[in-house]
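Colleague: Shown below is the structure under consideration.
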Amino acid sequence: MLMTRRAFSVATAAAAATSLISTRGIAAAATKARNVVLVHGLFADGSCWTEVIARLQAAGLNATSVQNPLTTLPEAVAAAERVLARQDGPTVLVGHSFSGMIVTEAGVHPNVSALVYVAARAPDAGEDYTALAKTYPTPPASAGIVFDGDEGRLGEEAFLRDFAGDLPAEKAKVLYAVQQPFRKELLTGKTVNAAWRSKPSYYAVSTDDRTINPDLERFMAKRMGAKTIEVKASHLALISHPDEIAGLIKEAAGSGQ
């Protein structure tokens, strides 16, 4: 009889956990958002979302690209929060690359209904992302970062080969020309919040990524329980595969594919 009660307790707990997960999934599907806020990462500016924005607008969504200052994590989060505060209702917050840090921190904002990570960092609260990344093989792009005093950027060869490797060279060179430098201090920031622990989350893994290890991306996506897609793309899937990325964002917004 004791074993039966114990088994019953375990089954009840498992059912409760399943119910909680299912409820979260239903909430993700049911929450309709007409707003999308997009944040860029290192070696880029807000225009990197242009192809995705065009597709979101065609679907009737209101899209805004944040100009990430790339100075310190608190200042970058504040820039995103100012844009989030202007939204008139449920909003999908999307981050690429480094800005996954910003999404993870600012995603607790009450306007945010869902999170989308595109080949992005997704740390836990207080986690040392650099230490986490070191548990995986170092991606080739890391060797291409150059510093001019306190400002860092990606050298041209690494940019074309390891950051934008699946884009036509002419287009990649234009993107290289407009990359914004980042301050060293930006890389030392740690998140206080982990919004993915309380918000429906989606993740697009770039299988040919040479800037963030794809297996690290898979680990972070699995850890957060994200709805995950894999795109055969470089780090810049948002530019080389805008249909897939826009489709995932529309799904997060409850607009389907």
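Residue numbering restarts at 1 in every chain; chains get A, B, ... in the order shown in the structure tokens, and ligands count up from 1 in that same order.
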For segment 27-58 of chain A against segment 175-194 of chain A, with a cut-off of 7 Å and counting only C-alpha atoms, what is the closest atom pair and its distance in Å to one decimal for every residue that makes the cut, ordered by chain and number, as a tab-separated table?

Modeller:
residue	atom	partner	partner_atom	distance
A:Leu42	CA	A:Phe182	CA	6.8
A:Phe43	CA	A:Gln179	CA	4.7
A:Ala44	CA	A:Gln179	CA	4.4
A:Asp45	CA	A:Gln179	CA	6.2

Colleague: I'd like the contact shell of Lys222 of chain A - 12 Å cut-off, only C-alpha atoms, skipping same-chain residues fewer than 2 positions apart - returned as a ChimeraX atom specification.

Modeller: /A:122,196,201-205,215-220,224-229

Colleague: Taking the DSSP secondary structure from the backbone, can you list the residues of segment 127-233 of chain A that are strand (DSSP E), as a PyMOL selection string?

Modeller: chain A and resi 145-148+151-154+182-183+201-206+227-231

Colleague: Write the residues of the selection above to a file with N, CA, C and O atoms, as a PDB file, in the first residue's frame.

Modeller:
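Saved file again-v2.pdb follows:
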ATOM      1  N   ILE A 145      38.721  38.962 -33.930  1.00  0.00           N
ATOM      2  CA  ILE A 145      38.370  40.204 -33.250  1.00  0.00           C
ATOM      3  C   ILE A 145      39.634  41.033 -33.026  1.00  0.00           C
ATOM      4  O   ILE A 145      40.648  40.540 -32.534  1.00  0.00           O
ATOM      5  N   VAL A 146      39.565  42.305 -33.412  1.00  0.00           N
ATOM      6  CA  VAL A 146      40.700  43.210 -33.236  1.00  0.00           C
ATOM      7  C   VAL A 146      40.247  44.398 -32.397  1.00  0.00           C
ATOM      8  O   VAL A 146      39.084  44.806 -32.446  1.00  0.00           O
ATOM      9  N   PHE A 147      41.176  44.942 -31.625  1.00  0.00           N
ATOM     10  CA  PHE A 147      40.858  46.062 -30.748  1.00  0.00           C
ATOM     11  C   PHE A 147      41.676  47.289 -31.105  1.00  0.00           C
ATOM     12  O   PHE A 147      42.869  47.199 -31.402  1.00  0.00           O
ATOM     13  N   ASP A 148      41.004  48.432 -31.067  1.00  0.00           N
ATOM     14  CA  ASP A 148      41.656  49.726 -31.160  1.00  0.00           C
ATOM     15  C   ASP A 148      41.408  50.400 -29.809  1.00  0.00           C
ATOM     16  O   ASP A 148      40.361  51.035 -29.609  1.00  0.00           O
ATOM     17  N   GLU A 151      37.890  49.807 -28.079  1.00  0.00           N
ATOM     18  CA  GLU A 151      36.871  49.422 -29.062  1.00  0.00           C
ATOM     19  C   GLU A 151      37.270  48.170 -29.831  1.00  0.00           C
ATOM     20  O   GLU A 151      38.406  48.052 -30.294  1.00  0.00           O
ATOM     21  N   GLY A 152      36.316  47.246 -29.954  1.00  0.00           N
ATOM     22  CA  GLY A 152      36.573  46.024 -30.693  1.00  0.00           C
ATOM     23  C   GLY A 152      35.711  45.921 -31.935  1.00  0.00           C
ATOM     24  O   GLY A 152      34.626  46.507 -32.019  1.00  0.00           O
ATOM     25  N   ARG A 153      36.201  45.187 -32.906  1.00  0.00           N
ATOM     26  CA  ARG A 153      35.446  44.937 -34.137  1.00  0.00           C
ATOM     27  C   ARG A 153      35.984  43.647 -34.742  1.00  0.00           C
ATOM     28  O   ARG A 153      36.994  43.090 -34.281  1.00  0.00           O
ATOM     29  N   LEU A 154      35.320  43.167 -35.769  1.00  0.00           N
ATOM     30  CA  LEU A 154      35.756  41.946 -36.433  1.00  0.00           C
ATOM     31  C   LEU A 154      36.511  42.318 -37.697  1.00  0.00           C
ATOM     32  O   LEU A 154      36.030  43.110 -38.514  1.00  0.00           O
ATOM     33  N   PHE A 182      32.306  47.757 -30.639  1.00  0.00           N
ATOM     34  CA  PHE A 182      31.771  47.542 -29.301  1.00  0.00           C
ATOM     35  C   PHE A 182      32.837  47.854 -28.270  1.00  0.00           C
ATOM     36  O   PHE A 182      34.045  47.795 -28.557  1.00  0.00           O
ATOM     37  N   ARG A 183      32.415  48.201 -27.067  1.00  0.00           N
ATOM     38  CA  ARG A 183      33.356  48.464 -25.991  1.00  0.00           C
ATOM     39  C   ARG A 183      33.679  47.184 -25.237  1.00  0.00           C
ATOM     40  O   ARG A 183      32.817  46.334 -25.036  1.00  0.00           O
ATOM     41  N   SER A 201       9.603  30.659 -25.259  1.00  0.00           N
ATOM     42  CA  SER A 201      10.854  30.946 -25.957  1.00  0.00           C
ATOM     43  C   SER A 201      11.004  30.121 -27.225  1.00  0.00           C
ATOM     44  O   SER A 201      10.548  28.980 -27.303  1.00  0.00           O
ATOM     45  N   TYR A 202      11.678  30.714 -28.205  1.00  0.00           N
ATOM     46  CA  TYR A 202      11.909  30.103 -29.509  1.00  0.00           C
ATOM     47  C   TYR A 202      13.384  30.312 -29.861  1.00  0.00           C
ATOM     48  O   TYR A 202      13.968  31.336 -29.515  1.00  0.00           O
ATOM     49  N   TYR A 203      13.962  29.348 -30.571  1.00  0.00           N
ATOM     50  CA  TYR A 203      15.389  29.444 -30.870  1.00  0.00           C
ATOM     51  C   TYR A 203      15.657  28.945 -32.288  1.00  0.00           C
ATOM     52  O   TYR A 203      15.181  27.878 -32.680  1.00  0.00           O
ATOM     53  N   ALA A 204      16.432  29.726 -33.041  1.00  0.00           N
ATOM     54  CA  ALA A 204      16.883  29.322 -34.374  1.00  0.00           C
ATOM     55  C   ALA A 204      18.380  29.034 -34.308  1.00  0.00           C
ATOM     56  O   ALA A 204      19.190  29.945 -34.103  1.00  0.00           O
ATOM     57  N   VAL A 205      18.744  27.758 -34.452  1.00  0.00           N
ATOM     58  CA  VAL A 205      20.137  27.339 -34.458  1.00  0.00           C
ATOM     59  C   VAL A 205      20.700  27.467 -35.874  1.00  0.00           C
ATOM     60  O   VAL A 205      20.071  27.021 -36.840  1.00  0.00           O
ATOM     61  N   SER A 206      21.874  28.078 -35.997  1.00  0.00           N
ATOM     62  CA  SER A 206      22.571  28.130 -37.290  1.00  0.00           C
ATOM     63  C   SER A 206      23.556  26.968 -37.342  1.00  0.00           C
ATOM     64  O   SER A 206      24.550  26.961 -36.599  1.00  0.00           O
ATOM     65  N   LYS A 227      11.023  26.221 -28.402  1.00  0.00           N
ATOM     66  CA  LYS A 227      10.649  25.663 -29.694  1.00  0.00           C
ATOM     67  C   LYS A 227      11.824  25.978 -30.615  1.00  0.00           C
ATOM     68  O   LYS A 227      12.201  27.142 -30.793  1.00  0.00           O
ATOM     69  N   THR A 228      12.450  24.945 -31.164  1.00  0.00           N
ATOM     70  CA  THR A 228      13.711  25.118 -31.871  1.00  0.00           C
ATOM     71  C   THR A 228      13.624  24.699 -33.330  1.00  0.00           C
ATOM     72  O   THR A 228      13.019  23.678 -33.655  1.00  0.00           O
ATOM     73  N   ILE A 229      14.227  25.518 -34.187  1.00  0.00           N
ATOM     74  CA  ILE A 229      14.415  25.140 -35.586  1.00  0.00           C
ATOM     75  C   ILE A 229      15.910  25.177 -35.870  1.00  0.00           C
ATOM     76  O   ILE A 229      16.665  25.881 -35.194  1.00  0.00           O
ATOM     77  N   GLU A 230      16.343  24.415 -36.851  1.00  0.00           N
ATOM     78  CA  GLU A 230      17.738  24.448 -37.283  1.00  0.00           C
ATOM     79  C   GLU A 230      17.781  24.945 -38.722  1.00  0.00           C
ATOM     80  O   GLU A 230      17.032  24.460 -39.579  1.00  0.00           O
ATOM     81  N   VAL A 231      18.630  25.917 -38.963  1.00  0.00           N
ATOM     82  CA  VAL A 231      18.747  26.531 -40.278  1.00  0.00           C
ATOM     83  C   VAL A 231      20.169  26.311 -40.778  1.00  0.00           C
ATOM     84  O   VAL A 231      21.132  26.591 -40.054  1.00  0.00           O
TER      85      VAL A 231
END

Colleague: Pick the closest to Ser113 of chain A from A:Ala125, A:Ala143, A:Ala54, A:Ala253: which is it, counting only C-alpha atoms?

Modeller: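 Looking only at the distances to Ser113 of chain A, the closest residue turns out to be A:Ala253.
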
Colleague: When you count only C-alpha atoms, which of these residues is closest to Thr138 of chain A: A:Ala120, A:Ile212, A:Ala158, A:Val77?

Modeller: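 The closest residue to Thr138 of chain A is A:Ile212.
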
Colleague: Which residues, written as a compact mmCIF listing (two decimals) with all heavy atoms, in the first residue's frame, have at least one atom at most 10 Å from segment 61-68 of chain A, with only C-alpha atoms counted and residues fewer than 5 positions away on the same chain left out?

Modeller:
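Output (part_31.txt):
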# COMPACT_ATOMS: atom_id res chain seq x y z
N ALA A 33 0.39 38.72 -30.53
CA ALA A 33 1.19 39.93 -30.44
C ALA A 33 1.23 40.60 -31.81
O ALA A 33 1.45 39.93 -32.82
CB ALA A 33 2.60 39.62 -29.96
N ARG A 34 1.02 41.89 -31.83
CA ARG A 34 1.11 42.60 -33.11
C ARG A 34 2.43 43.38 -33.21
O ARG A 34 2.73 43.98 -34.23
CB ARG A 34 -0.07 43.54 -33.31
CG ARG A 34 -0.15 44.71 -32.32
CD ARG A 34 -1.32 45.63 -32.67
NE ARG A 34 -1.19 46.17 -34.00
CZ ARG A 34 -0.51 47.30 -34.29
NH1 ARG A 34 0.11 47.96 -33.33
NH2 ARG A 34 -0.43 47.74 -35.53
N ASN A 35 3.20 43.37 -32.13
CA ASN A 35 4.46 44.11 -32.11
C ASN A 35 5.66 43.17 -32.02
O ASN A 35 5.61 42.16 -31.33
CB ASN A 35 4.49 45.06 -30.90
CG ASN A 35 3.31 45.99 -30.87
OD1 ASN A 35 3.03 46.69 -31.84
ND2 ASN A 35 2.58 46.00 -29.75
N VAL A 36 6.74 43.56 -32.70
CA VAL A 36 7.99 42.81 -32.64
C VAL A 36 9.12 43.82 -32.45
O VAL A 36 9.22 44.80 -33.19
CB VAL A 36 8.25 42.00 -33.92
CG1 VAL A 36 9.58 41.28 -33.83
CG2 VAL A 36 7.11 41.02 -34.18
N VAL A 37 9.95 43.58 -31.45
CA VAL A 37 11.13 44.42 -31.22
C VAL A 37 12.36 43.54 -31.45
O VAL A 37 12.49 42.47 -30.86
CB VAL A 37 11.14 45.00 -29.79
CG1 VAL A 37 12.50 45.65 -29.48
CG2 VAL A 37 10.02 46.02 -29.64
N LEU A 38 13.25 44.01 -32.32
CA LEU A 38 14.42 43.24 -32.72
C LEU A 38 15.70 43.94 -32.27
O LEU A 38 15.81 45.17 -32.39
CB LEU A 38 14.44 43.06 -34.24
CG LEU A 38 13.13 42.52 -34.85
CD1 LEU A 38 12.51 43.58 -35.75
CD2 LEU A 38 13.37 41.25 -35.63
N VAL A 39 16.64 43.16 -31.75
CA VAL A 39 17.89 43.73 -31.26
C VAL A 39 19.08 43.05 -31.95
O VAL A 39 19.13 41.83 -32.04
CB VAL A 39 18.02 43.56 -29.73
CG1 VAL A 39 19.16 44.44 -29.20
CG2 VAL A 39 16.71 43.90 -29.02
N HIS A 40 20.01 43.85 -32.42
CA HIS A 40 21.19 43.31 -33.11
C HIS A 40 22.31 43.07 -32.13
O HIS A 40 22.34 43.57 -31.00
CB HIS A 40 21.64 44.25 -34.23
CG HIS A 40 22.24 45.54 -33.73
ND1 HIS A 40 23.56 45.66 -33.38
CD2 HIS A 40 21.69 46.77 -33.54
CE1 HIS A 40 23.82 46.90 -33.00
NE2 HIS A 40 22.70 47.60 -33.08
N GLY A 41 23.28 42.28 -32.58
CA GLY A 41 24.42 41.94 -31.74
C GLY A 41 25.69 42.66 -32.16
O GLY A 41 25.65 43.74 -32.75
N LEU A 42 26.83 42.02 -31.87
CA LEU A 42 28.12 42.61 -32.22
C LEU A 42 28.34 42.57 -33.73
O LEU A 42 27.74 41.77 -34.44
CB LEU A 42 29.25 41.82 -31.54
CG LEU A 42 29.19 41.64 -30.02
CD1 LEU A 42 30.44 40.91 -29.54
CD2 LEU A 42 29.02 42.96 -29.31
N ALA A 44 27.50 44.58 -36.03
CA ALA A 44 26.32 44.88 -36.86
C ALA A 44 25.68 46.19 -36.40
O ALA A 44 26.15 46.85 -35.48
CB ALA A 44 25.31 43.73 -36.75
N ASP A 45 24.58 46.55 -37.06
CA ASP A 45 23.74 47.64 -36.60
C ASP A 45 22.29 47.25 -36.85
O ASP A 45 22.01 46.14 -37.29
CB ASP A 45 24.11 48.98 -37.26
CG ASP A 45 23.78 49.03 -38.75
OD1 ASP A 45 23.22 48.04 -39.30
OD2 ASP A 45 24.08 50.05 -39.38
N GLY A 46 21.36 48.14 -36.56
CA GLY A 46 19.94 47.80 -36.65
C GLY A 46 19.46 47.42 -38.03
O GLY A 46 18.42 46.76 -38.18
N SER A 47 20.20 47.82 -39.07
CA SER A 47 19.77 47.52 -40.44
C SER A 47 19.91 46.04 -40.79
O SER A 47 19.37 45.59 -41.81
CB SER A 47 20.57 48.36 -41.44
OG SER A 47 21.94 47.96 -41.45
N CYS A 48 20.59 45.26 -39.95
CA CYS A 48 20.77 43.84 -40.27
C CYS A 48 19.43 43.09 -40.26
O CYS A 48 19.34 41.97 -40.78
CB CYS A 48 21.75 43.18 -39.32
SG CYS A 48 21.20 43.07 -37.61
N TRP A 49 18.39 43.68 -39.69
CA TRP A 49 17.07 43.05 -39.62
C TRP A 49 16.18 43.41 -40.81
O TRP A 49 15.01 43.03 -40.85
CB TRP A 49 16.36 43.46 -38.33
CG TRP A 49 16.94 42.89 -37.09
CD1 TRP A 49 17.68 43.55 -36.14
CD2 TRP A 49 16.83 41.53 -36.63
NE1 TRP A 49 18.03 42.69 -35.13
CE2 TRP A 49 17.53 41.45 -35.40
CE3 TRP A 49 16.21 40.39 -37.14
CZ2 TRP A 49 17.62 40.27 -34.67
CZ3 TRP A 49 16.31 39.21 -36.41
CH2 TRP A 49 17.00 39.15 -35.20
N THR A 50 16.70 44.16 -41.78
CA THR A 50 15.87 44.69 -42.87
C THR A 50 15.04 43.63 -43.58
O THR A 50 13.84 43.80 -43.80
CB THR A 50 16.76 45.43 -43.90
OG1 THR A 50 17.43 46.51 -43.24
CG2 THR A 50 15.93 45.98 -45.04
N VAL A 52 14.13 40.64 -42.59
CA VAL A 52 13.13 40.07 -41.69
C VAL A 52 11.99 41.05 -41.47
O VAL A 52 10.81 40.68 -41.49
CB VAL A 52 13.78 39.66 -40.36
CG1 VAL A 52 12.71 39.29 -39.32
CG2 VAL A 52 14.73 38.50 -40.57
N ILE A 53 12.33 42.32 -41.27
CA ILE A 53 11.31 43.34 -41.03
C ILE A 53 10.32 43.41 -42.18
O ILE A 53 9.10 43.51 -41.97
CB ILE A 53 11.97 44.71 -40.79
CG1 ILE A 53 12.67 44.73 -39.42
CG2 ILE A 53 10.95 45.85 -40.87
CD1 ILE A 53 13.52 45.96 -39.17
N ALA A 54 10.83 43.37 -43.40
CA ALA A 54 9.94 43.44 -44.57
C ALA A 54 8.91 42.32 -44.54
O ALA A 54 7.73 42.53 -44.85
CB ALA A 54 10.76 43.38 -45.85
N ARG A 55 9.31 41.14 -44.14
CA ARG A 55 8.40 39.99 -44.08
C ARG A 55 7.42 40.12 -42.92
O ARG A 55 6.25 39.72 -43.03
CB ARG A 55 9.22 38.70 -44.00
CG ARG A 55 9.90 38.36 -45.32
CD ARG A 55 11.10 37.45 -45.16
NE ARG A 55 11.65 37.03 -46.45
CZ ARG A 55 12.41 37.79 -47.22
NH1 ARG A 55 12.74 39.01 -46.82
NH2 ARG A 55 12.85 37.33 -48.39
N LEU A 56 7.86 40.66 -41.81
CA LEU A 56 6.96 40.86 -40.68
C LEU A 56 5.92 41.92 -41.00
O LEU A 56 4.73 41.76 -40.67
CB LEU A 56 7.76 41.26 -39.43
CG LEU A 56 8.79 40.24 -38.93
CD1 LEU A 56 9.52 40.80 -37.72
CD2 LEU A 56 8.12 38.91 -38.58
N LEU A 73 26.38 46.39 -20.92
CA LEU A 73 25.15 45.61 -20.92
C LEU A 73 23.98 46.41 -20.33
O LEU A 73 22.90 46.44 -20.93
CB LEU A 73 25.34 44.29 -20.17
CG LEU A 73 24.12 43.36 -20.16
CD1 LEU A 73 23.70 43.00 -21.59
CD2 LEU A 73 24.42 42.10 -19.36
N GLU A 75 23.45 49.62 -20.38
CA GLU A 75 23.04 50.64 -21.35
C GLU A 75 22.34 50.01 -22.55
O GLU A 75 21.37 50.56 -23.08
CB GLU A 75 24.25 51.46 -21.80
CG GLU A 75 24.78 52.38 -20.71
CD GLU A 75 26.06 53.09 -21.10
OE1 GLU A 75 26.63 52.76 -22.17
OE2 GLU A 75 26.51 53.95 -20.33
N ALA A 76 22.80 48.84 -22.97
CA ALA A 76 22.16 48.15 -24.08
C ALA A 76 20.77 47.67 -23.69
O ALA A 76 19.82 47.76 -24.49
CB ALA A 76 23.02 46.96 -24.52
N VAL A 77 20.63 47.17 -22.47
CA VAL A 77 19.32 46.73 -21.98
C VAL A 77 18.38 47.93 -21.89
O VAL A 77 17.20 47.85 -22.27
CB VAL A 77 19.46 46.04 -20.61
CG1 VAL A 77 18.08 45.82 -19.96
CG2 VAL A 77 20.17 44.70 -20.77
N ALA A 78 18.87 49.05 -21.40
CA ALA A 78 18.04 50.25 -21.27
C ALA A 78 17.53 50.72 -22.63
O ALA A 78 16.38 51.17 -22.75
CB ALA A 78 18.84 51.36 -20.59
N ALA A 79 18.36 50.62 -23.66
CA ALA A 79 17.94 51.02 -25.00
C ALA A 79 16.78 50.15 -25.48
O ALA A 79 15.81 50.65 -26.07
CB ALA A 79 19.11 50.93 -25.97
N ALA A 80 16.86 48.85 -25.21
CA ALA A 80 15.78 47.94 -25.59
C ALA A 80 14.53 48.21 -24.77
O ALA A 80 13.40 48.19 -25.30
CB ALA A 80 16.23 46.50 -25.42
N GLU A 81 14.70 48.49 -23.49
CA GLU A 81 13.55 48.74 -22.61
C GLU A 81 12.80 50.00 -23.02
O GLU A 81 11.55 50.06 -22.92
CB GLU A 81 14.01 48.84 -21.16
CG GLU A 81 14.43 47.50 -20.58
CD GLU A 81 14.99 47.61 -19.18
OE1 GLU A 81 15.49 48.70 -18.81
OE2 GLU A 81 14.95 46.61 -18.44
N ARG A 82 13.51 51.00 -23.51
CA ARG A 82 12.84 52.23 -23.96
C ARG A 82 11.93 51.93 -25.15
O ARG A 82 10.82 52.48 -25.26
CB ARG A 82 13.87 53.30 -24.31
CG ARG A 82 14.54 53.93 -23.10
CD ARG A 82 15.32 55.17 -23.47
NE ARG A 82 16.47 54.90 -24.32
CZ ARG A 82 17.67 54.59 -23.87
NH1 ARG A 82 17.90 54.50 -22.56
NH2 ARG A 82 18.68 54.37 -24.71
N VAL A 83 12.41 51.08 -26.04
CA VAL A 83 11.58 50.71 -27.20
C VAL A 83 10.41 49.83 -26.77
O VAL A 83 9.29 50.01 -27.23
CB VAL A 83 12.44 49.99 -28.26
CG1 VAL A 83 11.57 49.51 -29.42
CG2 VAL A 83 13.54 50.92 -28.78
N LEU A 84 10.65 48.91 -25.86
CA LEU A 84 9.58 48.04 -25.36
C LEU A 84 8.48 48.86 -24.70
O LEU A 84 7.29 48.56 -24.85
CB LEU A 84 10.14 47.02 -24.37
CG LEU A 84 10.97 45.89 -24.96
CD1 LEU A 84 11.65 45.09 -23.85
CD2 LEU A 84 10.11 44.97 -25.82
N GLN A 87 5.68 50.19 -26.97
CA GLN A 87 4.78 49.26 -27.65
C GLN A 87 3.40 49.31 -27.00
O GLN A 87 3.26 49.52 -25.80
CB GLN A 87 5.35 47.85 -27.61
CG GLN A 87 6.77 47.74 -28.14
CD GLN A 87 6.96 48.37 -29.52
OE1 GLN A 87 6.27 48.02 -30.47
NE2 GLN A 87 7.90 49.31 -29.62
N THR A 91 4.24 41.99 -27.11
CA THR A 91 5.38 42.21 -28.00
C THR A 91 6.32 41.02 -27.98
O THR A 91 6.66 40.51 -26.90
CB THR A 91 6.16 43.47 -27.57
OG1 THR A 91 5.28 44.60 -27.59
CG2 THR A 91 7.34 43.73 -28.49
N VAL A 92 6.74 40.59 -29.15
CA VAL A 92 7.77 39.55 -29.25
C VAL A 92 9.13 40.23 -29.26
O VAL A 92 9.36 41.13 -30.07
CB VAL A 92 7.58 38.70 -30.53
CG1 VAL A 92 8.71 37.68 -30.66
CG2 VAL A 92 6.23 37.99 -30.51
N LEU A 93 10.00 39.82 -28.37
CA LEU A 93 11.34 40.38 -28.28
C LEU A 93 12.33 39.41 -28.91
O LEU A 93 12.39 38.24 -28.52
CB LEU A 93 11.71 40.65 -26.83
CG LEU A 93 13.10 41.26 -26.56
CD1 LEU A 93 13.28 42.59 -27.27
CD2 LEU A 93 13.33 41.43 -25.06
N VAL A 94 13.08 39.89 -29.90
CA VAL A 94 13.96 39.04 -30.71
C VAL A 94 15.40 39.52 -30.59
O VAL A 94 15.68 40.72 -30.69
CB VAL A 94 13.54 39.06 -32.19
CG1 VAL A 94 14.35 38.05 -33.00
CG2 VAL A 94 12.04 38.82 -32.34
N GLY A 95 16.32 38.58 -30.39
CA GLY A 95 17.72 38.95 -30.32
C GLY A 95 18.60 38.06 -31.16
O GLY A 95 18.38 36.85 -31.25
N SER A 99 23.04 39.93 -28.55
CA SER A 99 21.85 40.55 -27.98
C SER A 99 20.91 39.54 -27.32
O SER A 99 19.92 39.93 -26.70
CB SER A 99 21.08 41.37 -29.02
OG SER A 99 20.46 40.54 -29.97
N ILE A 102 20.64 40.64 -24.00
CA ILE A 102 19.67 41.72 -23.79
C ILE A 102 18.26 41.16 -23.71
O ILE A 102 17.46 41.55 -22.85
CB ILE A 102 19.80 42.75 -24.93
CG1 ILE A 102 21.20 43.36 -24.93
CG2 ILE A 102 18.74 43.84 -24.81
CD1 ILE A 102 21.53 44.16 -26.17
N GLN A 180 29.31 48.25 -36.32
CA GLN A 180 29.57 49.20 -35.25
C GLN A 180 30.56 48.59 -34.25
O GLN A 180 30.44 47.43 -33.87
CB GLN A 180 28.27 49.54 -34.53
CG GLN A 180 27.25 50.23 -35.42
CD GLN A 180 27.76 51.55 -35.95
OE1 GLN A 180 28.07 52.46 -35.19
NE2 GLN A 180 27.89 51.67 -37.26
N PHE A 182 32.31 47.76 -30.64
CA PHE A 182 31.77 47.54 -29.30
C PHE A 182 32.84 47.85 -28.27
O PHE A 182 34.05 47.79 -28.56
CB PHE A 182 31.28 46.10 -29.14
CG PHE A 182 32.37 45.06 -29.20
CD1 PHE A 182 33.04 44.64 -28.05
CD2 PHE A 182 32.75 44.51 -30.42
CE1 PHE A 182 34.06 43.70 -28.12
CE2 PHE A 182 33.77 43.55 -30.49
CZ PHE A 182 34.43 43.15 -29.34
N LYS A 250 6.92 35.01 -36.45
CA LYS A 250 5.46 35.05 -36.62
C LYS A 250 4.78 33.98 -35.78
O LYS A 250 3.70 34.22 -35.22
CB LYS A 250 5.11 34.91 -38.10
CG LYS A 250 5.42 36.13 -38.93
CD LYS A 250 4.90 36.03 -40.34
CE LYS A 250 5.72 35.08 -41.19
NZ LYS A 250 5.23 35.03 -42.60
N ALA A 253 4.54 35.18 -32.38
CA ALA A 253 3.53 36.23 -32.27
C ALA A 253 2.11 35.69 -32.41
O ALA A 253 1.15 36.46 -32.35
CB ALA A 253 3.78 37.30 -33.34
N SER A 255 0.95 34.35 -35.11
CA SER A 255 0.47 34.65 -36.45
C SER A 255 0.67 33.49 -37.41
O SER A 255 0.45 33.62 -38.60
CB SER A 255 1.21 35.88 -37.01
OG SER A 255 0.98 36.99 -36.20

Colleague: From a backbone DSSP assignment, name each residue in segment 112-194 of chain A labelled helix (DSSP H, G or I), as an MDAnalysis selection string.

Modeller: chainID A and resid 129:133 140:144 156:163 169:177 184:188

Colleague: Would you export the selected residues with C-alpha atoms as a PDB file, in the first residue's frame, please?

Modeller:
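And here is the file that came out, out-v4.pdb:
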ATOM      1  CA  TYR A 129      28.569  33.215 -20.480  1.00  0.00           C
ATOM      2  CA  THR A 130      32.264  33.299 -21.373  1.00  0.00           C
ATOM      3  CA  ALA A 131      32.927  30.376 -19.029  1.00  0.00           C
ATOM      4  CA  LEU A 132      29.975  28.490 -20.490  1.00  0.00           C
ATOM      5  CA  ALA A 133      31.219  29.067 -24.048  1.00  0.00           C
ATOM      6  CA  PRO A 140      36.863  30.502 -35.656  1.00  0.00           C
ATOM      7  CA  ALA A 141      35.490  34.070 -35.625  1.00  0.00           C
ATOM      8  CA  SER A 142      36.857  34.667 -32.128  1.00  0.00           C
ATOM      9  CA  ALA A 143      40.398  34.844 -33.500  1.00  0.00           C
ATOM     10  CA  GLY A 144      39.370  37.637 -35.867  1.00  0.00           C
ATOM     11  CA  GLU A 156      37.460  41.864 -42.673  1.00  0.00           C
ATOM     12  CA  GLU A 157      38.740  38.364 -43.419  1.00  0.00           C
ATOM     13  CA  ALA A 158      36.999  36.869 -40.378  1.00  0.00           C
ATOM     14  CA  PHE A 159      33.859  38.878 -41.079  1.00  0.00           C
ATOM     15  CA  LEU A 160      33.538  37.567 -44.614  1.00  0.00           C
ATOM     16  CA  ARG A 161      34.531  33.971 -43.841  1.00  0.00           C
ATOM     17  CA  ASP A 162      33.356  33.294 -40.291  1.00  0.00           C
ATOM     18  CA  PHE A 163      30.524  35.757 -39.665  1.00  0.00           C
ATOM     19  CA  ALA A 169      30.866  38.585 -51.007  1.00  0.00           C
ATOM     20  CA  GLU A 170      29.541  41.916 -52.291  1.00  0.00           C
ATOM     21  CA  LYS A 171      26.756  41.969 -49.706  1.00  0.00           C
ATOM     22  CA  ALA A 172      29.037  40.801 -46.910  1.00  0.00           C
ATOM     23  CA  LYS A 173      31.487  43.608 -47.679  1.00  0.00           C
ATOM     24  CA  VAL A 174      28.711  46.195 -47.369  1.00  0.00           C
ATOM     25  CA  LEU A 175      27.749  44.743 -43.982  1.00  0.00           C
ATOM     26  CA  TYR A 176      31.398  44.812 -42.932  1.00  0.00           C
ATOM     27  CA  ALA A 177      31.570  48.495 -43.838  1.00  0.00           C
ATOM     28  CA  LYS A 184      35.348  45.861 -24.084  1.00  0.00           C
ATOM     29  CA  GLU A 185      33.215  46.486 -21.008  1.00  0.00           C
ATOM     30  CA  LEU A 186      30.173  45.146 -22.857  1.00  0.00           C
ATOM     31  CA  LEU A 187      31.628  41.636 -22.749  1.00  0.00           C
ATOM     32  CA  THR A 188      31.957  41.634 -18.955  1.00  0.00           C
TER      33      THR A 188
END

Colleague: Find the residue from A:Thr72, A:Thr104, A:Ser240, A:Asn213 that sits nearest to Pro200 of chain A; use only C-alpha atoms when measuring.

Modeller: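 Going through A:Thr72, A:Thr104, A:Ser240, A:Asn213 one by one, the smallest distance to Pro200 of chain A is for A:Thr104.
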
Colleague: Using only C-alpha atoms, find the one residue out of A:Ala106, A:Ala85, A:Ile245, A:Ala59 that sits nearest to Lys232 of chain A.

Modeller: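 Once distances to Lys232 of chain A are computed over only C-alpha atoms, the minimum belongs to A:Ile245.
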